[in-house]
>>> print(open('query-v7.cif').read())   # mmCIF, C-alpha atoms
data_structure
#
loop_
_atom_site.group_PDB
_atom_site.id
_atom_site.type_symbol
_atom_site.label_atom_id
_atom_site.label_comp_id
_atom_site.auth_asym_id
_atom_site.auth_seq_id
_atom_site.Cartn_x
_atom_site.Cartn_y
_atom_site.Cartn_z
ATOM 1 C CA MET A 291 -45.594 62.818 45.896
ATOM 2 C CA TRP A 292 -41.911 62.964 46.797
ATOM 3 C CA PHE A 293 -40.941 62.303 43.195
ATOM 4 C CA SER A 294 -42.835 65.399 42.062
ATOM 5 C CA VAL A 295 -41.417 67.532 44.866
ATOM 6 C CA ILE A 296 -37.835 66.484 44.063
ATOM 7 C CA CYS A 297 -38.313 67.049 40.330
ATOM 8 C CA THR A 298 -39.866 70.477 40.936
ATOM 9 C CA ALA A 299 -37.061 71.536 43.288
ATOM 10 C CA ALA A 300 -34.357 70.333 40.889
ATOM 11 C CA ALA A 301 -36.075 71.987 37.921
ATOM 12 C CA THR A 302 -36.331 75.291 39.815
ATOM 13 C CA VAL A 303 -32.636 75.269 40.738
ATOM 14 C CA VAL A 304 -31.595 74.471 37.154
ATOM 15 C CA LEU A 305 -33.962 77.114 35.785
ATOM 16 C CA ILE A 306 -32.554 79.834 38.055
ATOM 17 C CA LEU A 307 -28.961 78.846 37.299
ATOM 18 C CA PHE A 308 -29.408 78.900 33.531
ATOM 19 C CA LEU A 309 -31.968 81.711 33.301
ATOM 20 C CA LEU A 310 -29.873 84.335 35.081
ATOM 21 C CA PRO A 311 -27.301 84.777 32.284
ATOM 22 C CA LEU A 312 -29.990 85.666 29.742
ATOM 23 C CA PRO A 313 -30.096 87.391 27.300
ATOM 24 C CA ASP A 314 -26.728 85.666 26.678
ATOM 25 C CA LEU A 315 -28.491 82.591 25.322
ATOM 26 C CA ASN A 316 -26.205 79.953 23.849
ATOM 27 C CA VAL A 317 -26.131 76.195 23.387
ATOM 28 C CA GLY A 318 -25.147 75.590 27.018
ATOM 29 C CA SER A 319 -27.854 77.763 28.541
ATOM 30 C CA ALA A 320 -30.460 76.472 26.062
ATOM 31 C CA ALA A 321 -29.620 72.887 27.048
ATOM 32 C CA GLY A 322 -30.000 73.804 30.716
ATOM 33 C CA LEU A 323 -33.388 75.401 30.106
ATOM 34 C CA ALA A 324 -34.517 72.340 28.129
ATOM 35 C CA PHE A 325 -33.429 70.059 30.980
ATOM 36 C CA SER A 326 -35.349 72.225 33.453
ATOM 37 C CA ALA A 327 -38.468 72.045 31.262
ATOM 38 C CA ALA A 328 -38.157 68.237 31.127
ATOM 39 C CA LEU A 329 -37.983 68.051 34.934
ATOM 40 C CA PHE A 330 -41.046 70.283 35.279
ATOM 41 C CA ALA A 331 -42.896 68.055 32.819
ATOM 42 C CA LEU A 332 -42.004 64.969 34.903
ATOM 43 C CA ALA A 333 -43.140 66.720 38.069
ATOM 44 C CA PHE A 334 -46.550 67.815 36.791
ATOM 45 C CA PHE A 335 -47.352 65.196 34.143
ATOM 46 C CA LYS A 336 -45.722 62.109 35.617
ATOM 47 C CA GLU A 337 -48.809 59.909 35.292
ATOM 48 C CA ASP A 338 -49.440 60.941 31.695
ATOM 49 C CA ILE A 339 -45.800 60.471 30.666
ATOM 50 C CA PHE A 340 -45.357 57.076 32.300
ATOM 51 C CA GLY A 341 -48.793 56.026 31.076
ATOM 52 C CA TYR A 342 -47.844 56.872 27.511
ATOM 53 C CA ILE A 343 -44.547 54.969 27.813
ATOM 54 C CA LYS A 344 -46.417 51.962 29.177
ATOM 55 C CA SER A 345 -48.951 52.094 26.351
ATOM 56 C CA ILE A 346 -46.338 52.065 23.579
ATOM 57 C CA TRP A 347 -44.126 49.485 25.314
ATOM 58 C CA GLY A 348 -46.372 46.707 24.065
ATOM 59 C CA VAL A 349 -45.867 47.754 20.435
ATOM 60 C CA PRO A 350 -42.591 46.551 18.848
ATOM 61 C CA CYS A 351 -41.817 49.911 17.266
ATOM 62 C CA GLY A 352 -42.762 51.729 20.467
ATOM 63 C CA ARG A 353 -40.577 49.458 22.571
ATOM 64 C CA ALA A 354 -37.641 50.052 20.217
ATOM 65 C CA ALA A 355 -38.209 53.810 20.453
ATOM 66 C CA VAL A 356 -38.221 53.697 24.265
ATOM 67 C CA ILE A 357 -35.047 51.581 24.333
ATOM 68 C CA CYS A 358 -33.299 53.915 21.888
ATOM 69 C CA ALA A 359 -34.336 56.964 23.894
ATOM 70 C CA GLY A 360 -33.106 55.339 27.095
ATOM 71 C CA ALA A 361 -29.799 54.403 25.483
ATOM 72 C CA PHE A 362 -29.366 57.929 24.127
ATOM 73 C CA LEU A 363 -30.047 59.528 27.510
ATOM 74 C CA SER A 364 -27.693 57.090 29.235
ATOM 75 C CA ALA A 365 -24.933 57.802 26.716
ATOM 76 C CA ALA A 366 -25.505 61.535 27.128
ATOM 77 C CA ALA A 367 -25.204 61.197 30.914
ATOM 78 C CA VAL A 368 -21.936 59.252 30.591
ATOM 79 C CA TRP A 369 -20.597 61.807 28.120
ATOM 80 C CA CYS A 370 -21.435 64.650 30.524
ATOM 81 C CA VAL A 371 -19.609 62.869 33.354
ATOM 82 C CA VAL A 372 -16.521 62.242 31.200
ATOM 83 C CA ILE A 373 -16.407 65.844 29.980
ATOM 84 C CA SER A 374 -16.920 67.129 33.530
ATOM 85 C CA VAL A 375 -13.986 65.038 34.786
ATOM 86 C CA ARG A 376 -11.768 66.294 31.964
ATOM 87 C CA MET A 377 -12.819 69.878 32.609
ATOM 88 C CA ALA A 378 -11.957 69.498 36.285
ATOM 89 C CA ALA A 379 -8.566 67.993 35.418
ATOM 90 C CA ALA A 380 -7.732 70.813 32.993
ATOM 91 C CA MET A 381 -8.848 73.444 35.469
ATOM 92 C CA ASN A 382 -6.548 72.045 38.162
ATOM 93 C CA ASP A 383 -3.484 71.641 35.931
ATOM 94 C CA CYS A 384 -1.860 74.774 37.321
ATOM 95 C CA PRO A 385 1.771 75.927 36.901
ATOM 96 C CA ARG A 386 4.310 73.757 38.704
ATOM 97 C CA GLY A 387 7.740 74.515 40.066
ATOM 98 C CA GLU A 388 9.602 73.276 37.014
ATOM 99 C CA ASP A 389 7.434 75.458 34.776
ATOM 100 C CA LEU A 390 8.778 78.570 36.482
ATOM 101 C CA ILE A 391 12.461 77.642 36.853
ATOM 102 C CA ASN A 392 13.870 76.979 33.391
ATOM 103 C CA ALA A 393 12.273 79.937 31.604
ATOM 104 C CA GLU A 394 9.853 82.719 32.396
ATOM 105 C CA PRO A 395 6.316 81.613 31.524
ATOM 106 C CA VAL A 396 3.945 83.592 29.334
ATOM 107 C CA LEU A 397 0.465 84.483 30.523
ATOM 108 C CA ILE A 398 -2.381 84.743 28.049
ATOM 109 C CA VAL A 399 -5.410 86.479 29.495
ATOM 110 C CA LEU A 400 -8.488 85.826 27.392
ATOM 111 C CA GLY A 401 -10.810 88.741 26.893
ATOM 112 C CA CYS A 402 -14.391 89.134 27.945
ATOM 113 C CA ARG A 403 -17.034 91.838 27.796
ATOM 114 C CA VAL A 404 -15.995 95.459 28.327
ATOM 115 C CA ASN A 405 -18.533 97.997 29.564
ATOM 116 C CA GLY A 406 -17.510 101.174 27.778
ATOM 117 C CA ARG A 407 -13.856 101.330 28.808
ATOM 118 C CA LYS A 408 -14.091 99.238 31.952
ATOM 119 C CA PRO A 409 -13.705 95.443 32.182
ATOM 120 C CA SER A 410 -16.839 93.544 33.149
ATOM 121 C CA ARG A 411 -16.982 91.723 36.470
ATOM 122 C CA MET A 412 -15.989 88.414 34.877
ATOM 123 C CA LEU A 413 -13.044 90.034 33.098
ATOM 124 C CA ARG A 414 -11.915 91.769 36.295
ATOM 125 C CA ARG A 415 -11.764 88.388 37.997
ATOM 126 C CA ARG A 416 -9.468 87.112 35.257
ATOM 127 C CA LEU A 417 -7.294 90.216 35.467
ATOM 128 C CA ASP A 418 -7.013 90.034 39.253
ATOM 129 C CA THR A 419 -5.884 86.422 38.901
ATOM 130 C CA ALA A 420 -3.296 87.434 36.304
ATOM 131 C CA TYR A 421 -2.147 90.350 38.482
ATOM 132 C CA GLY A 422 -1.473 88.061 41.437
ATOM 133 C CA PHE A 423 0.705 85.824 39.286
ATOM 134 C CA LEU A 424 2.552 88.689 37.591
ATOM 135 C CA LYS A 425 3.299 90.249 40.955
ATOM 136 C CA GLU A 426 4.911 87.007 42.148
ATOM 137 C CA GLN A 427 6.745 86.253 38.885
ATOM 138 C CA GLY A 428 8.498 89.517 38.161
ATOM 139 C CA GLY A 429 9.901 88.515 34.776
ATOM 140 C CA ALA A 430 6.810 86.941 33.272
ATOM 141 C CA LYS A 431 5.244 88.491 30.183
ATOM 142 C CA CYS A 432 1.500 88.844 29.741
ATOM 143 C CA ILE A 433 -0.498 88.802 26.518
ATOM 144 C CA VAL A 434 -3.948 90.360 26.867
ATOM 145 C CA SER A 435 -6.133 89.137 24.031
ATOM 146 C CA GLY A 436 -9.453 90.507 22.842
ATOM 147 C CA GLY A 437 -10.814 92.710 20.083
ATOM 148 C CA LYS A 438 -13.385 95.503 20.139
ATOM 149 C CA GLY A 439 -17.090 94.718 20.186
ATOM 150 C CA GLU A 440 -19.708 96.934 18.570
ATOM 151 C CA ASP A 441 -20.886 98.280 21.942
ATOM 152 C CA GLU A 442 -17.402 98.706 23.423
ATOM 153 C CA GLU A 443 -15.494 102.001 23.347
ATOM 154 C CA ILE A 444 -12.074 100.332 23.251
ATOM 155 C CA SER A 445 -10.774 96.844 22.606
ATOM 156 C CA GLU A 446 -10.814 94.276 25.380
ATOM 157 C CA ALA A 447 -7.016 94.110 25.141
ATOM 158 C CA GLU A 448 -6.714 97.870 25.693
ATOM 159 C CA ALA A 449 -9.097 97.758 28.656
ATOM 160 C CA MET A 450 -7.150 94.869 30.183
ATOM 161 C CA ALA A 451 -3.818 96.645 29.695
ATOM 162 C CA GLU A 452 -5.173 99.794 31.342
ATOM 163 C CA TYR A 453 -6.489 97.783 34.283
ATOM 164 C CA LEU A 454 -3.204 95.954 34.878
ATOM 165 C CA THR A 455 -1.035 99.048 34.520
ATOM 166 C CA ALA A 456 -3.301 100.913 36.954
ATOM 167 C CA LYS A 457 -2.577 98.155 39.466
ATOM 168 C CA GLY A 458 1.176 98.613 39.004
ATOM 169 C CA ILE A 459 2.204 96.160 36.268
ATOM 170 C CA SER A 460 4.786 97.703 33.940
ATOM 171 C CA PRO A 461 3.504 98.330 30.395
ATOM 172 C CA ASP A 462 6.720 96.710 29.126
ATOM 173 C CA ARG A 463 5.455 93.359 30.418
ATOM 174 C CA ILE A 464 2.071 93.610 28.679
ATOM 175 C CA ILE A 465 1.541 92.653 25.044
ATOM 176 C CA LYS A 466 -1.759 93.571 23.399
ATOM 177 C CA GLU A 467 -3.521 91.362 20.857
ATOM 178 C CA ASP A 468 -6.579 93.408 19.893
ATOM 179 C CA LYS A 469 -7.968 91.781 16.748
ATOM 180 C CA SER A 470 -9.574 88.549 17.947
ATOM 181 C CA ARG A 471 -13.299 88.026 18.390
ATOM 182 C CA SER A 472 -13.428 84.413 19.612
ATOM 183 C CA THR A 473 -11.425 81.969 21.715
ATOM 184 C CA VAL A 474 -9.982 80.324 18.609
ATOM 185 C CA GLU A 475 -8.879 83.714 17.268
ATOM 186 C CA ASN A 476 -7.504 84.663 20.711
ATOM 187 C CA LEU A 477 -5.154 81.713 20.766
ATOM 188 C CA ARG A 478 -4.335 81.725 17.049
ATOM 189 C CA ASN A 479 -3.488 85.436 16.976
ATOM 190 C CA CYS A 480 -1.293 85.137 20.068
ATOM 191 C CA LEU A 481 0.969 82.856 18.040
ATOM 192 C CA HIS A 482 1.590 85.564 15.429
ATOM 193 C CA ILE A 483 1.821 88.973 17.098
ATOM 194 C CA PRO A 484 3.966 91.329 14.949
ATOM 195 C CA ASN A 485 7.246 92.616 16.441
ATOM 196 C CA VAL A 486 6.987 90.411 19.527
ATOM 197 C CA SER A 487 9.856 88.109 20.457
ATOM 198 C CA VAL A 488 7.844 85.845 22.775
ATOM 199 C CA ASP A 489 7.460 82.379 21.231
ATOM 200 C CA VAL A 490 4.306 80.964 22.805
ATOM 201 C CA SER A 491 4.665 77.757 20.823
ATOM 202 C CA ALA A 492 7.848 76.965 22.773
ATOM 203 C CA ALA A 493 7.386 78.696 26.139
ATOM 204 C CA CYS A 494 5.245 77.438 28.986
ATOM 205 C CA VAL A 495 1.940 79.177 28.303
ATOM 206 C CA ILE A 496 -0.415 79.794 31.197
ATOM 207 C CA ILE A 497 -3.962 80.556 30.110
ATOM 208 C CA VAL A 498 -5.963 82.819 32.383
ATOM 209 C CA THR A 499 -9.697 82.363 31.992
ATOM 210 C CA ASP A 500 -12.603 80.895 33.935
ATOM 211 C CA GLY A 501 -12.219 77.351 35.192
ATOM 212 C CA PHE A 502 -15.013 75.899 33.072
ATOM 213 C CA HIS A 503 -13.341 77.372 29.980
ATOM 214 C CA GLN A 504 -9.896 75.855 30.527
ATOM 215 C CA TYR A 505 -10.530 72.447 28.939
ATOM 216 C CA ARG A 506 -11.788 73.923 25.677
ATOM 217 C CA CYS A 507 -8.887 76.389 25.589
ATOM 218 C CA ARG A 508 -6.394 73.571 26.066
ATOM 219 C CA LEU A 509 -7.865 71.560 23.194
ATOM 220 C CA ILE A 510 -7.711 74.593 20.907
ATOM 221 C CA ALA A 511 -4.164 75.487 21.988
ATOM 222 C CA LYS A 512 -2.847 71.983 21.337
ATOM 223 C CA ARG A 513 -4.506 71.895 17.943
ATOM 224 C CA LEU A 514 -2.883 75.221 17.029
ATOM 225 C CA GLY A 515 0.602 74.019 17.955
ATOM 226 C CA TYR A 516 1.189 75.334 21.461
ATOM 227 C CA GLY A 517 3.803 73.513 23.530
ATOM 228 C CA LYS A 518 3.313 73.249 27.277
ATOM 229 C CA VAL A 519 -0.020 74.663 28.430
ATOM 230 C CA ARG A 520 -1.048 75.248 32.033
ATOM 231 C CA ALA A 521 -4.194 76.677 33.580
ATOM 232 C CA LEU A 522 -4.641 79.637 35.887
ATOM 233 C CA PRO A 523 -8.401 79.695 36.487
ATOM 234 C CA SER A 524 -10.174 82.727 37.840
ATOM 235 C CA LYS A 525 -13.018 82.473 40.278
ATOM 236 C CA THR A 526 -16.366 82.149 38.554
ATOM 237 C CA ASN A 527 -19.694 83.337 39.865
ATOM 238 C CA PRO A 528 -22.055 80.306 39.513
ATOM 239 C CA ARG A 529 -24.574 82.387 37.558
ATOM 240 C CA TYR A 530 -22.070 82.769 34.706
ATOM 241 C CA VAL A 531 -21.165 79.095 34.319
ATOM 242 C CA SER A 532 -23.416 78.700 31.261
ATOM 243 C CA ILE A 533 -22.135 81.780 29.443
#
>>> encode(input="query-v7.cif", output="structure tokens")
Amino acid sequence: MWFSVICTAAATVVLILFLLPLPDLNVGSAAGLAFSAALFALAFFKEDIFGYIKSIWGVPCGRAAVICAGAFLSAAAVWCVVISVRMAAAMNDCPRGEDLINAEPVLIVLGCRVNGRKPSRMLRRRLDTAYGFLKEQGGAKCIVSGGKGEDEEISEAEAMAEYLTAKGISPDRIIKEDKSRSTVENLRNCLHIPNVSVDVSAACVIIVTDGFHQYRCRLIAKRLGYGKVRALPSKTNPRYVSI
């Protein structure tokens, strides 16, 4: 009884968390929905599932299949824990005192959806985080990176620049990279912006994006040849974690 109740409650929570971002279905949200479906199946068909496992356990091939499935699920659980720990570490690797003393750092704000000409809620959170830092570090430069989607009136970079300048950041401190359409392109294009003297491969680069995104960004940045990389995570609404 309690097993079914717990599985149903857990499945409902997971379903709500991963269903809300739809129609932005991706590998992460699909995996969450699959996990929710598995929990619902355990809750409502527990006897059938365990009965089937018991019936094939006595057959050599069936026993091997059960052991392999158990080993796979265990390995997947360990992998998820390891990745989660690394994501948490990357998210909390924020700028330190020495990063701000020797040379002015460079912010890179990664783009996100623009509604017409206005940044989406998630993008506004990133920009507000960047604004707070730029206000404190008066000499820091900021690269806003993001191209134009088919349903967007202007590029994400242009929308971000307009938002920051409206809040009082000088346009001279904002560099626009408006060609990229993915995180890899964001970070690659920021290395080669025409007529810009900022060398992001040598400077301390602070990436502004959501916390769950920081680990992946760091891996990409290191692979592309960035030097010192720090994180400045924006607050993330839980419903967007799977986007």
>>> axis_aligned_box(input="query-v7.cif", around="region 405-413 of chain A", padding_each_side="5 Å", output="JSON")
{"center_x": -15.8, "center_y": 94.9, "center_z": 32.1, "size_x": 15.5, "size_y": 22.9, "size_z": 18.7}
>>> residues_around(input="query-v7.cif", residues="Gly436 (chain A)", least_positions_apart="5", cutoff="12 Å", atoms="all atoms listed in the file", output="mmCIF file with C-alpha atoms, keeping the file's coordinate frame")
data_model
loop_
_atom_site.group_PDB
_atom_site.id
_atom_site.type_symbol
_atom_site.label_atom_id
_atom_site.label_comp_id
_atom_site.auth_asym_id
_atom_site.auth_seq_id
_atom_site.Cartn_x
_atom_site.Cartn_y
_atom_site.Cartn_z
ATOM 1 C CA ILE A 398 -2.381 84.743 28.049
ATOM 2 C CA VAL A 399 -5.410 86.479 29.495
ATOM 3 C CA LEU A 400 -8.488 85.826 27.392
ATOM 4 C CA GLY A 401 -10.810 88.741 26.893
ATOM 5 C CA CYS A 402 -14.391 89.134 27.945
ATOM 6 C CA ARG A 403 -17.034 91.838 27.796
ATOM 7 C CA VAL A 404 -15.995 95.459 28.327
ATOM 8 C CA PRO A 409 -13.705 95.443 32.182
ATOM 9 C CA LEU A 413 -13.044 90.034 33.098
ATOM 10 C CA GLU A 442 -17.402 98.706 23.423
ATOM 11 C CA ILE A 444 -12.074 100.332 23.251
ATOM 12 C CA SER A 445 -10.774 96.844 22.606
ATOM 13 C CA GLU A 446 -10.814 94.276 25.380
ATOM 14 C CA ALA A 447 -7.016 94.110 25.141
ATOM 15 C CA GLU A 448 -6.714 97.870 25.693
ATOM 16 C CA ALA A 449 -9.097 97.758 28.656
ATOM 17 C CA MET A 450 -7.150 94.869 30.183
ATOM 18 C CA ALA A 451 -3.818 96.645 29.695
ATOM 19 C CA ILE A 465 1.541 92.653 25.044
ATOM 20 C CA LYS A 466 -1.759 93.571 23.399
ATOM 21 C CA GLU A 467 -3.521 91.362 20.857
ATOM 22 C CA ASP A 468 -6.579 93.408 19.893
ATOM 23 C CA LYS A 469 -7.968 91.781 16.748
ATOM 24 C CA SER A 470 -9.574 88.549 17.947
ATOM 25 C CA ARG A 471 -13.299 88.026 18.390
ATOM 26 C CA SER A 472 -13.428 84.413 19.612
ATOM 27 C CA THR A 473 -11.425 81.969 21.715
ATOM 28 C CA VAL A 474 -9.982 80.324 18.609
ATOM 29 C CA GLU A 475 -8.879 83.714 17.268
ATOM 30 C CA ASN A 476 -7.504 84.663 20.711
ATOM 31 C CA LEU A 477 -5.154 81.713 20.766
ATOM 32 C CA ARG A 478 -4.335 81.725 17.049
ATOM 33 C CA ASN A 479 -3.488 85.436 16.976
ATOM 34 C CA CYS A 480 -1.293 85.137 20.068
#
>>> closest_atom_pairs(input="query-v7.cif", of="region 480-508 of chain A", to="region 375-391 of chain A", cutoff="10 Å", atoms="only C-alpha atoms", output="Markdown table")
| residue | atom | partner | partner_atom | distance |
| --- | --- | --- | --- | --- |
| A:Ala493 | CA | A:Asp389 | CA | 9.2 |
| A:Cys494 | CA | A:Asp389 | CA | 6.5 |
| A:Val495 | CA | A:Pro385 | CA | 9.2 |
| A:Ile496 | CA | A:Pro385 | CA | 7.2 |
| A:Ile497 | CA | A:Cys384 | CA | 9.5 |
| A:Thr499 | CA | A:Met381 | CA | 9.6 |
| A:Asp500 | CA | A:Met381 | CA | 8.5 |
| A:Gly501 | CA | A:Met381 | CA | 5.2 |
| A:Phe502 | CA | A:Met377 | CA | 6.4 |
| A:His503 | CA | A:Met377 | CA | 8.0 |
| A:Gln504 | CA | A:Met381 | CA | 5.6 |
| A:Tyr505 | CA | A:Met377 | CA | 5.0 |
| A:Arg506 | CA | A:Met377 | CA | 8.1 |
| A:Cys507 | CA | A:Ala380 | CA | 9.3 |
| A:Arg508 | CA | A:Ala380 | CA | 7.6 |
>>> atom_distance(input="query-v7.cif", atom1="CA of Ser487 (chain A)", atom2="CA of Arg414 (chain A)")
27.2 Å
>>> atom_distance(input="query-v7.cif", atom1="CA of Gly422 (chain A)", atom2="CA of Asp462 (chain A)")
17.1 Å
>>> resolve_selection(input="query-v7.cif", expression="the PyMOL selection byres ((chain A and resi 431) around 7)", output="list of chain:residue names")
A:Val396, A:Leu397, A:Gly429, A:Ala430, A:Cys432, A:Ile433, A:Arg463, A:Ile464
>>> resolve_selection(input="query-v7.cif", expression="the PyMOL selection byres ((chain A and resi 514) around 10)", output="JSON, numbers by chain")
{"A": [474, 477, 478, 481, 491, 508, 509, 510, 511, 512, 513, 515, 516, 517]}
>>> atom_distance(input="query-v7.cif", atom1="CA of Thr419 (chain A)", atom2="CA of Ala521 (chain A)")
11.2 Å
>>> resolve_selection(input="query-v7.cif", expression="the PyMOL selection byres ((chain A and resi 326) around 9)", output="ChimeraX atom specification")
/A:298,300-305,308,321-325,327-331
>>> residues_around(input="query-v7.cif", residues="Ser294 (chain A)", least_positions_apart="2", cutoff="9 Å", atoms="all atoms listed in the file", output="VMD selection string")
chain A and resid 291 to 292 296 to 299 330 332 to 334 336
>>> closest_residue(input="query-v7.cif", among="A:Pro395, A:Gly348, A:Lys408, A:Ser364", to="Val488 (chain A)", atoms="all atoms listed in the file")
A:Pro395
